[in-house]
Each structure stands twice: as C-alpha cells, then as structure tokens.
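K.L.:
I am sharing input_18.pdb, which consists of PDB, C-alpha atoms and all ligand atoms:
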```pdb
MODEL        1
ATOM      1  CA  MET C   1       0.000   0.000   0.000  1.00  0.00           C
ATOM      2  CA  THR C   2       1.390   3.397  -0.973  1.00  0.00           C
ATOM      3  CA  THR C   3       0.033   6.907  -0.582  1.00  0.00           C
ATOM      4  CA  SER C   4       0.382  10.349  -2.142  1.00  0.00           C
ATOM      5  CA  ASN C   5       3.287  11.180   0.172  1.00  0.00           C
ATOM      6  CA  HIS C   6       5.387   8.148  -0.949  1.00  0.00           C
ATOM      7  CA  ARG C   7       5.064   6.253   2.310  1.00  0.00           C
ATOM      8  CA  THR C   8       4.651   2.517   1.846  1.00  0.00           C
ATOM      9  CA  ALA C   9       3.001   0.113   4.289  1.00  0.00           C
ATOM     10  CA  ASP C  10       4.104  -3.535   4.400  1.00  0.00           C
ATOM     11  CA  HIS C  11       0.572  -4.715   5.226  1.00  0.00           C
ATOM     12  CA  SER C  12      -2.742  -3.390   3.998  1.00  0.00           C
ATOM     13  CA  ILE C  13      -3.863  -0.494   6.218  1.00  0.00           C
ATOM     14  CA  ASP C  14      -6.098   2.488   5.636  1.00  0.00           C
ATOM     15  CA  LYS C  15      -4.177   5.221   3.816  1.00  0.00           C
ATOM     16  CA  LEU C  16      -5.154   7.631   6.597  1.00  0.00           C
ATOM     17  CA  PHE C  17      -2.338   6.192   8.743  1.00  0.00           C
ATOM     18  CA  LEU C  18       0.205   7.052   6.046  1.00  0.00           C
ATOM     19  CA  ASP C  19      -1.293  10.440   5.227  1.00  0.00           C
ATOM     20  CA  ARG C  20      -0.901  11.692   8.807  1.00  0.00           C
ATOM     21  CA  TRP C  21       2.487  13.275   9.336  1.00  0.00           C
ATOM     22  CA  SER C  22       4.166  16.100  11.220  1.00  0.00           C
ATOM     23  CA  PRO C  23       4.971  18.986   8.894  1.00  0.00           C
ATOM     24  CA  ARG C  24       6.686  22.178  10.029  1.00  0.00           C
ATOM     25  CA  ALA C  25       5.748  24.369   7.058  1.00  0.00           C
ATOM     26  CA  PHE C  26       2.286  25.727   7.758  1.00  0.00           C
ATOM     27  CA  THR C  27       0.332  28.304   5.754  1.00  0.00           C
ATOM     28  CA  GLY C  28      -0.781  30.536   8.642  1.00  0.00           C
ATOM     29  CA  GLU C  29      -4.423  29.860   7.733  1.00  0.00           C
ATOM     30  CA  ALA C  30      -6.807  30.203  10.686  1.00  0.00           C
ATOM     31  CA  ILE C  31      -8.923  27.275  11.893  1.00  0.00           C
ATOM     32  CA  SER C  32     -12.596  27.595  12.765  1.00  0.00           C
ATOM     33  CA  GLU C  33     -13.809  26.804  16.257  1.00  0.00           C
ATOM     34  CA  ALA C  34     -16.022  24.136  14.655  1.00  0.00           C
ATOM     35  CA  ASP C  35     -13.051  22.296  13.090  1.00  0.00           C
ATOM     36  CA  LEU C  36     -11.100  22.492  16.330  1.00  0.00           C
ATOM     37  CA  LEU C  37     -14.009  21.139  18.350  1.00  0.00           C
ATOM     38  CA  THR C  38     -14.264  18.289  15.834  1.00  0.00           C
ATOM     39  CA  LEU C  39     -10.663  17.353  16.642  1.00  0.00           C
ATOM     40  CA  PHE C  40     -11.431  17.295  20.369  1.00  0.00           C
ATOM     41  CA  GLU C  41     -14.583  15.312  19.660  1.00  0.00           C
ATOM     42  CA  ALA C  42     -12.512  12.609  17.947  1.00  0.00           C
ATOM     43  CA  ALA C  43     -10.136  12.583  20.910  1.00  0.00           C
ATOM     44  CA  ARG C  44     -13.074  12.336  23.333  1.00  0.00           C
ATOM     45  CA  TRP C  45     -14.004   8.888  22.023  1.00  0.00           C
ATOM     46  CA  ALA C  46     -10.655   7.311  22.810  1.00  0.00           C
ATOM     47  CA  PRO C  47     -10.631   4.306  25.164  1.00  0.00           C
ATOM     48  CA  SER C  48      -9.279   4.729  28.689  1.00  0.00           C
ATOM     49  CA  SER C  49      -8.868   2.704  31.846  1.00  0.00           C
ATOM     50  CA  TYR C  50     -12.261   2.508  33.631  1.00  0.00           C
ATOM     51  CA  ASN C  51     -13.413   5.053  31.038  1.00  0.00           C
ATOM     52  CA  SER C  52     -11.657   7.594  33.246  1.00  0.00           C
ATOM     53  CA  GLN C  53     -11.011   9.983  30.300  1.00  0.00           C
ATOM     54  CA  PRO C  54      -7.975  11.625  31.923  1.00  0.00           C
ATOM     55  CA  TRP C  55      -7.174  13.907  28.931  1.00  0.00           C
ATOM     56  CA  ARG C  56      -7.621  17.681  29.002  1.00  0.00           C
ATOM     57  CA  PHE C  57      -6.986  20.020  26.058  1.00  0.00           C
ATOM     58  CA  LEU C  58      -5.940  23.632  26.628  1.00  0.00           C
ATOM     59  CA  TYR C  59      -5.825  25.565  23.414  1.00  0.00           C
ATOM     60  CA  ALA C  60      -5.394  28.849  21.612  1.00  0.00           C
ATOM     61  CA  ARG C  61      -6.305  29.760  18.057  1.00  0.00           C
ATOM     62  CA  ARG C  62      -4.067  32.167  16.150  1.00  0.00           C
ATOM     63  CA  ASP C  63      -5.196  35.801  16.172  1.00  0.00           C
ATOM     64  CA  THR C  64      -6.804  35.409  19.606  1.00  0.00           C
ATOM     65  CA  PRO C  65      -5.536  36.863  22.919  1.00  0.00           C
ATOM     66  CA  ALA C  66      -4.285  33.489  24.200  1.00  0.00           C
ATOM     67  CA  TRP C  67      -2.170  32.747  21.101  1.00  0.00           C
ATOM     68  CA  GLY C  68       0.899  34.636  22.311  1.00  0.00           C
ATOM     69  CA  VAL C  69       0.754  32.933  25.705  1.00  0.00           C
ATOM     70  CA  PHE C  70       0.837  29.478  24.105  1.00  0.00           C
ATOM     71  CA  LEU C  71       3.477  30.354  21.493  1.00  0.00           C
ATOM     72  CA  ASP C  72       5.723  31.747  24.240  1.00  0.00           C
ATOM     73  CA  LEU C  73       5.758  28.338  25.954  1.00  0.00           C
ATOM     74  CA  LEU C  74       7.581  26.693  23.040  1.00  0.00           C
ATOM     75  CA  ILE C  75      11.348  26.454  22.774  1.00  0.00           C
ATOM     76  CA  PRO C  76      12.709  28.850  20.135  1.00  0.00           C
ATOM     77  CA  PHE C  77      13.180  26.036  17.582  1.00  0.00           C
ATOM     78  CA  ASN C  78       9.528  25.035  17.781  1.00  0.00           C
ATOM     79  CA  GLN C  79       8.403  28.670  17.841  1.00  0.00           C
ATOM     80  CA  SER C  80      10.268  29.287  14.604  1.00  0.00           C
ATOM     81  CA  TRP C  81       7.856  27.085  12.633  1.00  0.00           C
ATOM     82  CA  ALA C  82       4.786  26.753  14.904  1.00  0.00           C
ATOM     83  CA  LYS C  83       4.227  30.521  14.599  1.00  0.00           C
ATOM     84  CA  ASP C  84       2.520  29.713  11.260  1.00  0.00           C
ATOM     85  CA  ALA C  85       0.160  27.140  12.796  1.00  0.00           C
ATOM     86  CA  ALA C  86      -3.580  27.702  13.140  1.00  0.00           C
ATOM     87  CA  ALA C  87      -3.907  26.493  16.725  1.00  0.00           C
ATOM     88  CA  LEU C  88      -1.704  25.405  19.595  1.00  0.00           C
ATOM     89  CA  ILE C  89      -2.862  22.814  22.085  1.00  0.00           C
ATOM     90  CA  VAL C  90      -1.315  21.788  25.396  1.00  0.00           C
ATOM     91  CA  ILE C  91      -2.440  18.309  26.396  1.00  0.00           C
ATOM     92  CA  VAL C  92      -2.494  17.414  30.082  1.00  0.00           C
ATOM     93  CA  SER C  93      -3.743  14.328  31.889  1.00  0.00           C
ATOM     94  CA  SER C  94      -5.175  13.648  35.315  1.00  0.00           C
ATOM     95  CA  SER C  95      -2.953  11.265  37.271  1.00  0.00           C
ATOM     96  CA  THR C  96      -5.865  10.046  39.400  1.00  0.00           C
ATOM     97  CA  MET C  97      -9.212   8.462  38.563  1.00  0.00           C
ATOM     98  CA  LEU C  98     -12.429   7.467  40.280  1.00  0.00           C
ATOM     99  CA  PRO C  99     -13.184   3.818  39.425  1.00  0.00           C
ATOM    100  CA  PRO C 100     -16.813   2.647  39.646  1.00  0.00           C
ATOM    101  CA  GLY C 101     -17.845   2.257  43.300  1.00  0.00           C
ATOM    102  CA  ALA C 102     -14.767   4.003  44.690  1.00  0.00           C
ATOM    103  CA  GLU C 103     -15.308   6.819  47.155  1.00  0.00           C
ATOM    104  CA  LYS C 104     -12.153   8.716  46.458  1.00  0.00           C
ATOM    105  CA  PRO C 105      -9.764   9.033  43.529  1.00  0.00           C
ATOM    106  CA  ILE C 106      -6.937   6.526  43.208  1.00  0.00           C
ATOM    107  CA  PRO C 107      -3.697   6.842  41.230  1.00  0.00           C
ATOM    108  CA  SER C 108      -4.142   5.930  37.569  1.00  0.00           C
ATOM    109  CA  HIS C 109      -1.525   3.625  36.069  1.00  0.00           C
ATOM    110  CA  SER C 110      -2.483   4.517  32.506  1.00  0.00           C
ATOM    111  CA  HIS C 111      -3.344   8.222  32.395  1.00  0.00           C
ATOM    112  CA  SER C 112      -0.511   9.022  29.983  1.00  0.00           C
ATOM    113  CA  PHE C 113      -1.211   5.936  27.861  1.00  0.00           C
ATOM    114  CA  ASP C 114      -4.910   6.815  27.656  1.00  0.00           C
ATOM    115  CA  THR C 115      -4.122  10.421  26.776  1.00  0.00           C
ATOM    116  CA  GLY C 116      -1.733   9.250  24.074  1.00  0.00           C
ATOM    117  CA  ALA C 117      -4.624   7.327  22.518  1.00  0.00           C
ATOM    118  CA  ALA C 118      -6.739  10.503  22.571  1.00  0.00           C
ATOM    119  CA  TRP C 119      -3.945  12.509  20.936  1.00  0.00           C
ATOM    120  CA  ALA C 120      -3.633   9.910  18.170  1.00  0.00           C
ATOM    121  CA  GLN C 121      -7.349  10.126  17.425  1.00  0.00           C
ATOM    122  CA  LEU C 122      -7.124  13.921  17.352  1.00  0.00           C
ATOM    123  CA  ALA C 123      -4.217  13.777  14.914  1.00  0.00           C
ATOM    124  CA  LEU C 124      -5.979  11.346  12.580  1.00  0.00           C
ATOM    125  CA  GLN C 125      -9.146  13.457  12.627  1.00  0.00           C
ATOM    126  CA  ALA C 126      -7.034  16.492  11.735  1.00  0.00           C
ATOM    127  CA  THR C 127      -5.697  14.662   8.676  1.00  0.00           C
ATOM    128  CA  ILE C 128      -9.240  13.658   7.675  1.00  0.00           C
ATOM    129  CA  LEU C 129     -10.292  17.326   7.762  1.00  0.00           C
ATOM    130  CA  GLY C 130      -7.320  18.490   5.676  1.00  0.00           C
ATOM    131  CA  TRP C 131      -5.230  19.707   8.621  1.00  0.00           C
ATOM    132  CA  GLN C 132      -2.105  18.171  10.153  1.00  0.00           C
ATOM    133  CA  ALA C 133      -1.217  17.948  13.836  1.00  0.00           C
ATOM    134  CA  HIS C 134       2.432  18.171  14.933  1.00  0.00           C
ATOM    135  CA  ALA C 135       3.153  17.125  18.542  1.00  0.00           C
ATOM    136  CA  MET C 136       5.946  18.720  20.568  1.00  0.00           C
ATOM    137  CA  VAL C 137       7.692  18.129  23.864  1.00  0.00           C
ATOM    138  CA  GLY C 138       9.993  21.040  23.169  1.00  0.00           C
ATOM    139  CA  PHE C 139       8.281  23.527  25.435  1.00  0.00           C
ATOM    140  CA  ASP C 140       8.518  24.823  28.990  1.00  0.00           C
ATOM    141  CA  LEU C 141       6.476  22.273  30.950  1.00  0.00           C
ATOM    142  CA  GLU C 142       6.824  24.109  34.276  1.00  0.00           C
ATOM    143  CA  LYS C 143       5.764  27.411  32.763  1.00  0.00           C
ATOM    144  CA  ALA C 144       2.792  25.717  31.086  1.00  0.00           C
ATOM    145  CA  PHE C 145       1.688  24.466  34.507  1.00  0.00           C
ATOM    146  CA  GLN C 146       1.727  27.981  35.866  1.00  0.00           C
ATOM    147  CA  VAL C 147       0.396  30.147  33.055  1.00  0.00           C
ATOM    148  CA  LEU C 148      -2.336  27.700  32.022  1.00  0.00           C
ATOM    149  CA  ASN C 149      -3.560  27.194  35.618  1.00  0.00           C
ATOM    150  CA  VAL C 150      -3.017  23.433  35.521  1.00  0.00           C
ATOM    151  CA  PRO C 151      -4.298  21.971  38.811  1.00  0.00           C
ATOM    152  CA  ALA C 152      -2.126  19.773  41.040  1.00  0.00           C
ATOM    153  CA  GLY C 153      -2.466  16.106  40.126  1.00  0.00           C
ATOM    154  CA  TYR C 154      -2.278  16.708  36.386  1.00  0.00           C
ATOM    155  CA  ARG C 155       0.697  15.888  34.161  1.00  0.00           C
ATOM    156  CA  VAL C 156       1.587  18.168  31.269  1.00  0.00           C
ATOM    157  CA  GLU C 157       2.037  15.668  28.414  1.00  0.00           C
ATOM    158  CA  ALA C 158       2.707  17.479  25.144  1.00  0.00           C
ATOM    159  CA  ALA C 159       1.939  20.463  22.985  1.00  0.00           C
ATOM    160  CA  VAL C 160       0.472  20.192  19.491  1.00  0.00           C
ATOM    161  CA  ALA C 161       0.494  22.578  16.547  1.00  0.00           C
ATOM    162  CA  ILE C 162      -2.436  22.269  14.128  1.00  0.00           C
ATOM    163  CA  GLY C 163      -2.067  23.765  10.693  1.00  0.00           C
ATOM    164  CA  LYS C 164      -2.587  23.559   6.944  1.00  0.00           C
ATOM    165  CA  VAL C 165       0.493  22.210   5.194  1.00  0.00           C
ATOM    166  CA  GLY C 166       2.448  25.027   3.576  1.00  0.00           C
ATOM    167  CA  ASP C 167       5.265  25.298   1.064  1.00  0.00           C
ATOM    168  CA  LYS C 168       8.527  24.043   2.495  1.00  0.00           C
ATOM    169  CA  SER C 169      10.364  26.950   0.867  1.00  0.00           C
ATOM    170  CA  THR C 170       9.100  29.043   3.807  1.00  0.00           C
ATOM    171  CA  LEU C 171      11.424  27.057   6.093  1.00  0.00           C
ATOM    172  CA  PRO C 172      15.159  27.581   6.581  1.00  0.00           C
ATOM    173  CA  ASP C 173      17.321  25.318   4.367  1.00  0.00           C
ATOM    174  CA  TYR C 174      18.192  22.825   7.109  1.00  0.00           C
ATOM    175  CA  LEU C 175      14.496  22.253   7.862  1.00  0.00           C
ATOM    176  CA  GLN C 176      13.514  22.037   4.197  1.00  0.00           C
ATOM    177  CA  ALA C 177      15.758  18.991   3.931  1.00  0.00           C
ATOM    178  CA  ARG C 178      13.800  17.297   6.746  1.00  0.00           C
ATOM    179  CA  GLU C 179      10.335  18.320   5.537  1.00  0.00           C
ATOM    180  CA  HIS C 180       8.975  14.976   4.367  1.00  0.00           C
ATOM    181  CA  PRO C 181       6.996  12.139   5.942  1.00  0.00           C
ATOM    182  CA  SER C 182       9.354   9.771   7.772  1.00  0.00           C
ATOM    183  CA  ASP C 183       9.603   5.983   7.532  1.00  0.00           C
ATOM    184  CA  ARG C 184       9.202   3.393  10.286  1.00  0.00           C
ATOM    185  CA  ASN C 185      11.020   0.407  11.755  1.00  0.00           C
ATOM    186  CA  PRO C 186       9.967  -2.926  10.225  1.00  0.00           C
ATOM    187  CA  LEU C 187       7.320  -4.947  12.091  1.00  0.00           C
ATOM    188  CA  ASP C 188       9.780  -7.714  12.981  1.00  0.00           C
ATOM    189  CA  ARG C 189      11.629  -5.210  15.194  1.00  0.00           C
ATOM    190  CA  ILE C 190       8.547  -4.153  17.149  1.00  0.00           C
ATOM    191  CA  ALA C 191       6.152  -7.119  17.400  1.00  0.00           C
ATOM    192  CA  PHE C 192       7.139 -10.501  18.884  1.00  0.00           C
ATOM    193  CA  GLU C 193       4.919 -13.555  19.139  1.00  0.00           C
ATOM    194  CA  GLY C 194       5.294 -15.197  22.547  1.00  0.00           C
ATOM    195  CA  GLY C 195       7.452 -12.495  24.120  1.00  0.00           C
ATOM    196  CA  PHE C 196      10.847 -10.953  23.406  1.00  0.00           C
ATOM    197  CA  PRO C 197      13.233 -13.355  21.692  1.00  0.00           C
ATOM    198  CA  PRO C 198      15.972 -14.723  24.004  1.00  0.00           C
ATOM    199  CA  ALA C 199      18.863 -12.263  24.279  1.00  0.00           C
TER     200      ALA C 199
HETATM  201  C1  LIG U 201       5.284  13.353  21.974  1.00  0.00           C
HETATM  202  C2  LIG U 201       5.956  13.941  20.759  1.00  0.00           C
HETATM  203  C3  LIG U 201       6.834  14.987  20.910  1.00  0.00           C
HETATM  204  C4  LIG U 201       7.434  15.587  19.789  1.00  0.00           C
HETATM  205  N1  LIG U 201       8.223  16.692  19.957  1.00  0.00           N
HETATM  206  C5  LIG U 201       8.613  17.404  18.866  1.00  0.00           C
HETATM  207  C6  LIG U 201       9.212  18.683  19.023  1.00  0.00           C
HETATM  208  O1  LIG U 201       9.399  19.213  20.129  1.00  0.00           O
HETATM  209  N2  LIG U 201       9.604  19.343  17.885  1.00  0.00           N
HETATM  210  C7  LIG U 201       9.407  18.820  16.630  1.00  0.00           C
HETATM  211  O2  LIG U 201       9.750  19.486  15.646  1.00  0.00           O
HETATM  212  N3  LIG U 201       8.803  17.607  16.457  1.00  0.00           N
HETATM  213  C8  LIG U 201       8.391  16.889  17.544  1.00  0.00           C
HETATM  214  N4  LIG U 201       7.717  15.692  17.386  1.00  0.00           N
HETATM  215  C9  LIG U 201       7.453  15.157  16.033  1.00  0.00           C
HETATM  216  C10 LIG U 201       8.190  13.843  15.797  1.00  0.00           C
HETATM  217  O3  LIG U 201       9.537  14.108  15.513  1.00  0.00           O
HETATM  218  C11 LIG U 201       7.487  13.071  14.658  1.00  0.00           C
HETATM  219  O4  LIG U 201       6.204  12.724  15.047  1.00  0.00           O
HETATM  220  C12 LIG U 201       8.262  11.813  14.267  1.00  0.00           C
HETATM  221  O5  LIG U 201       9.511  12.142  13.708  1.00  0.00           O
HETATM  222  C13 LIG U 201       7.499  10.955  13.282  1.00  0.00           C
HETATM  223  O6  LIG U 201       7.205  11.697  12.127  1.00  0.00           O
HETATM  224  P1  LIG U 201       5.708  11.863  11.570  1.00  0.00           P
HETATM  225  O7  LIG U 201       4.850  12.388  12.722  1.00  0.00           O
HETATM  226  O8  LIG U 201       5.823  12.866  10.455  1.00  0.00           O
HETATM  227  O9  LIG U 201       5.231  10.523  11.135  1.00  0.00           O
HETATM  228  C14 LIG U 201       7.152  15.074  18.496  1.00  0.00           C
HETATM  229  C15 LIG U 201       6.264  14.001  18.356  1.00  0.00           C
HETATM  230  C16 LIG U 201       5.656  13.437  19.471  1.00  0.00           C
HETATM  231  C17 LIG U 201       4.651  12.323  19.282  1.00  0.00           C
ENDMDL
END
```
What is this structure when it is put down as structure tokens?
P.N.:
Amino acid sequence: MTTSNHRTADHSIDKLFLDRWSPRAFTGEAISEADLLTLFEAARWAPSSYNSQPWRFLYARRDTPAWGVFLDLLIPFNQSWAKDAAALIVIVSSSTMLPPGAEKPIPSHSHSFDTGAAWAQLALQATILGWQAHAMVGFDLEKAFQVLNVPAGYRVEAAVAIGKVGDKSTLPDYLQAREHPSDRNPLDRIAFEGGFPPA
C-alpha cells in the first residue's frame, strides 16, 4: 500500500495512517472553532482505563488573545515554525481516577497511555479534515503548569500545533531537507509472538 506522500506500508492499512504526518511548514491559515471542536470530539471517544477519560486540552487559536501565551511556551526552535500554525494545544492528563464504586480518587496507572490514545485520534481526525497535527515536547512544561492554571495532580504531556500544510520553501534550508513524511522500523523489530526473543 502506498500513498500520495510516498510512504509505503508492508501490510494493507487504511491510507489515513500514512497520510498523517508532522509537517513544520504551515500556511498561517486560521482554523474555525467548529473544526477544532471536531478534533477534540474525535479525541473524546478514545478508550481509557475505567473510562476515566484523563485527557484535558488547553488551546489557543491564532489571532486570539491566548495565542501569544501558548506560542511563548515553546522552545525557540519550535516557535520558529509553529508561529505559522492555526492552533496550539497543550495536552495534560489527570494522574488520578475514580473507578466505579470508589469513594475517592486513586492513582491511575495509565493516564498518559490513555491520553496518548486521545492525541492519536485527534491527529488522525485532523488529517481527515485536511489539517495536520504536529506534537511537541519542546516547550517549557513548568511554565505551562503555571500560566495555564493546571491543577495539582495533572501531568503536562505534550503540545500540538495544528495547521494547513504550507510550502517548504518558507522554512530555513536545514528544515527544508527534513520536511517529508518519515519511515518506520519494520514490524519484525517491534512485534514478537510469545514475548521478546531470548537475548
Ligand atoms: C510526543 C511527541 C513529541 C514531539 N516533539 C517534537 C518537538 O518538540 N519538535 C518537533 O519538531 N517535532 C516533535 N515531534 C514530532 C516527531 O519528531 C514526529 O512525530 C516523528 O519524527 C514521526 O514523524 P511523523 O509524525 O511525520 O510521522 C514530536 C512528536 C511526538 C509524538
């Protein structure tokens, strides 16, 4: 299976999985609130331990008062390209959950795992709508905690830039060379029947 971006899958999968990628050249086009809420809606339906839904999405659309606050959180490298995104999202997760019948919250083993599933659904929905979502850990996690009023008990997981793919000529030369969908390790290096092979 191949796709328009020259990625090739070894087994037959929906082309959506190949079409999603993390560009840095964005057009600067704004995103509607409706499209953004559709991304969060896709994330909302992710599975989670005890259906605890630990994910939270803090966001700013470009040309709104919060935009500068979110852009300022990013390291300069990420700022240099994410400034042309349409929206910035900071994803946080609750580290506790209230299982059915419990009287008080207990620590969640899987809050980051669950929130990763929600992020993946958001990213795929973005691709479906003609946007792309580019995740980042290159930002000031501590500052995000403070300026975004993140309550105690939450973990700041990642930031995400949403944008329309732009012309790579808008990027500096060294980034133009990297501006293409990446490949993946072969399946026989990541999936093992019966457990890891003996060392
Ligand atoms: C949690 C996470 C953090 C990332 N952090 C950054 C980042 O700070 N800056 C950046 O340019 N790309 C970042 N990336 C993008 C990855 O480099 C990219 O997803 C990976 O190379 C695979 O490429 P693809 O998404 O185009 O398939 C991050 C991705 C993830 C999932």
K.L.:
Measuring atom to atom with all atoms listed in the file, identify which of C:Glu157, C:Glu193, C:Asp183, C:Asp173 is nearest to Phe57 (chain C).
P.N.:
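Going through C:Glu157, C:Glu193, C:Asp183, C:Asp173 one by one, the smallest distance to Phe57 (chain C) is for C:Glu157.
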K.L.:
Set out as a Markdown table a contact list for chain C and ligand LIG 201 (chain U) with a cut-off of 10 Å, giving each residue of chain C that qualifies its closest atom pair and distance in Å to one decimal, counting all atoms listed in the file, ordered by chain and rising residue number.
P.N.:
```
| residue | atom | partner | partner_atom | distance |
| --- | --- | --- | --- | --- |
| C:Arg7 | CA | U:LIG201 | O9 | 9.8 |
| C:Phe17 | CA | U:LIG201 | O9 | 9.0 |
| C:Leu18 | CA | U:LIG201 | O9 | 8.0 |
| C:Asp19 | CA | U:LIG201 | O9 | 8.8 |
| C:Arg20 | CA | U:LIG201 | O9 | 6.7 |
| C:Trp21 | CA | U:LIG201 | O8 | 3.5 |
| C:Ser22 | CA | U:LIG201 | O8 | 3.7 |
| C:Pro23 | CA | U:LIG201 | O8 | 6.4 |
| C:Arg24 | CA | U:LIG201 | O2 | 6.9 |
| C:Leu74 | CA | U:LIG201 | O1 | 8.2 |
| C:Ile75 | CA | U:LIG201 | O1 | 8.0 |
| C:Phe77 | CA | U:LIG201 | N2 | 7.6 |
| C:Asn78 | CA | U:LIG201 | N2 | 5.7 |
| C:Gln79 | CA | U:LIG201 | N2 | 9.4 |
| C:Ser80 | CA | U:LIG201 | O2 | 9.9 |
| C:Trp81 | CA | U:LIG201 | O2 | 8.4 |
| C:Ala82 | CA | U:LIG201 | O2 | 8.8 |
| C:Gly116 | CA | U:LIG201 | C1 | 8.4 |
| C:Trp119 | CA | U:LIG201 | C17 | 8.8 |
| C:Ala120 | CA | U:LIG201 | C17 | 8.7 |
| C:Ala123 | CA | U:LIG201 | O7 | 9.4 |
| C:Gln132 | CA | U:LIG201 | O7 | 9.4 |
| C:Ala133 | CA | U:LIG201 | O7 | 8.3 |
| C:His134 | CA | U:LIG201 | C9 | 6.0 |
| C:Ala135 | CA | U:LIG201 | C15 | 4.4 |
| C:Met136 | CA | U:LIG201 | N1 | 3.1 |
| C:Val137 | CA | U:LIG201 | N1 | 4.2 |
| C:Gly138 | CA | U:LIG201 | O1 | 3.6 |
| C:Phe139 | CA | U:LIG201 | O1 | 6.9 |
| C:Glu157 | CA | U:LIG201 | C1 | 7.6 |
| C:Ala158 | CA | U:LIG201 | C1 | 5.8 |
| C:Ala159 | CA | U:LIG201 | C3 | 7.6 |
| C:Val160 | CA | U:LIG201 | C3 | 8.3 |
| C:Ala161 | CA | U:LIG201 | C7 | 9.7 |
| C:Leu175 | CA | U:LIG201 | O2 | 9.5 |
| C:Arg178 | CA | U:LIG201 | O5 | 9.7 |
| C:Glu179 | CA | U:LIG201 | O8 | 8.6 |
| C:His180 | CA | U:LIG201 | O8 | 7.2 |
| C:Pro181 | CA | U:LIG201 | O8 | 4.7 |
| C:Ser182 | CA | U:LIG201 | O6 | 5.2 |
| C:Asp183 | CA | U:LIG201 | O9 | 7.3 |
| C:Arg184 | CA | U:LIG201 | O9 | 8.2 |
```
K.L.:
Quick one: distance from CA of Arg155 (chain C) to CA of Trp67 (chain C) in Å, one decimal?
P.N.:
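CA of Arg155 (chain C) sits 21.5 Å away from CA of Trp67 (chain C).
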K.L.:
Where's the centre, and what are the edge lengths in Å to one decimal, of a box along x, y and z enclosing all listed atoms of region 184-196 of chain C padded 5 Å per side, as JSON?
P.N.:
```
{"center_x": 8.3, "center_y": -5.9, "center_z": 17.2, "size_x": 16.7, "size_y": 28.6, "size_z": 23.9}
```
K.L.:
Just say which residues the PyMOL selection byres (((chain C and resi 45) around 12) and not hetatm) picks in this file, as a PyMOL selection string.
P.N.:
chain C and resi 38-44+46-48+51-55+114-115+117-122+125
K.L.:
With the PyMOL selection byres (((chain C and resi 141-152) around 8) and not hetatm) as the selection, what would be picked from this file? Answer as an MDAnalysis selection string, please.
P.N.:
chainID C and resid 58 69 73 139:140 153:154 156
K.L.:
Please evaluate the PyMOL selection byres (((chain C and resi 15) around 12) and not hetatm) against the displayed coordinates and give the resulting residues as number ranges by chain.
P.N.:
C: 1-9, 11-14, 16-21, 124, 127-128
K.L.:
Using all atoms listed in the file, can you tell me which of C:Gly166, C:Arg56, C:Leu129, C:Leu71 comes closest to Ile91 (chain C)?
P.N.:
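Among the listed residues, the smallest separation from Ile91 (chain C) belongs to C:Arg56.
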K.L.:
What does the structure give for the distance between CA of Arg62 (chain C) and CA of Asp84 (chain C), in Å to one decimal?
P.N.:
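Answer for the CA of Arg62 (chain C) to CA of Asp84 (chain C) separation: 8.6 Å.
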K.L.:
So the first atom is CA of Lys83 (chain C) and the second is CA of Ser169 (chain C); what is the distance between them in Å, to one decimal place?
P.N.:
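Straight-line distance from CA of Lys83 (chain C) to CA of Ser169 (chain C) works out to 15.5 Å.
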K.L.:
Quick one: of C:Met97, C:Ile162, C:Ala66, C:Ala102, who's nearest to Ala85 (chain C), counting only C-alpha atoms?
P.N.:
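Distance minimum relative to Ala85 (chain C) lands on C:Ile162.
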K.L.:
Looking at all atoms listed in the file, which of C:Ile106, C:Val92, C:Ala126, C:Ala177 is the one that sits closest to Ile31 (chain C)?
P.N.:
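Result for the nearest residue to Ile31 (chain C): C:Ala126.
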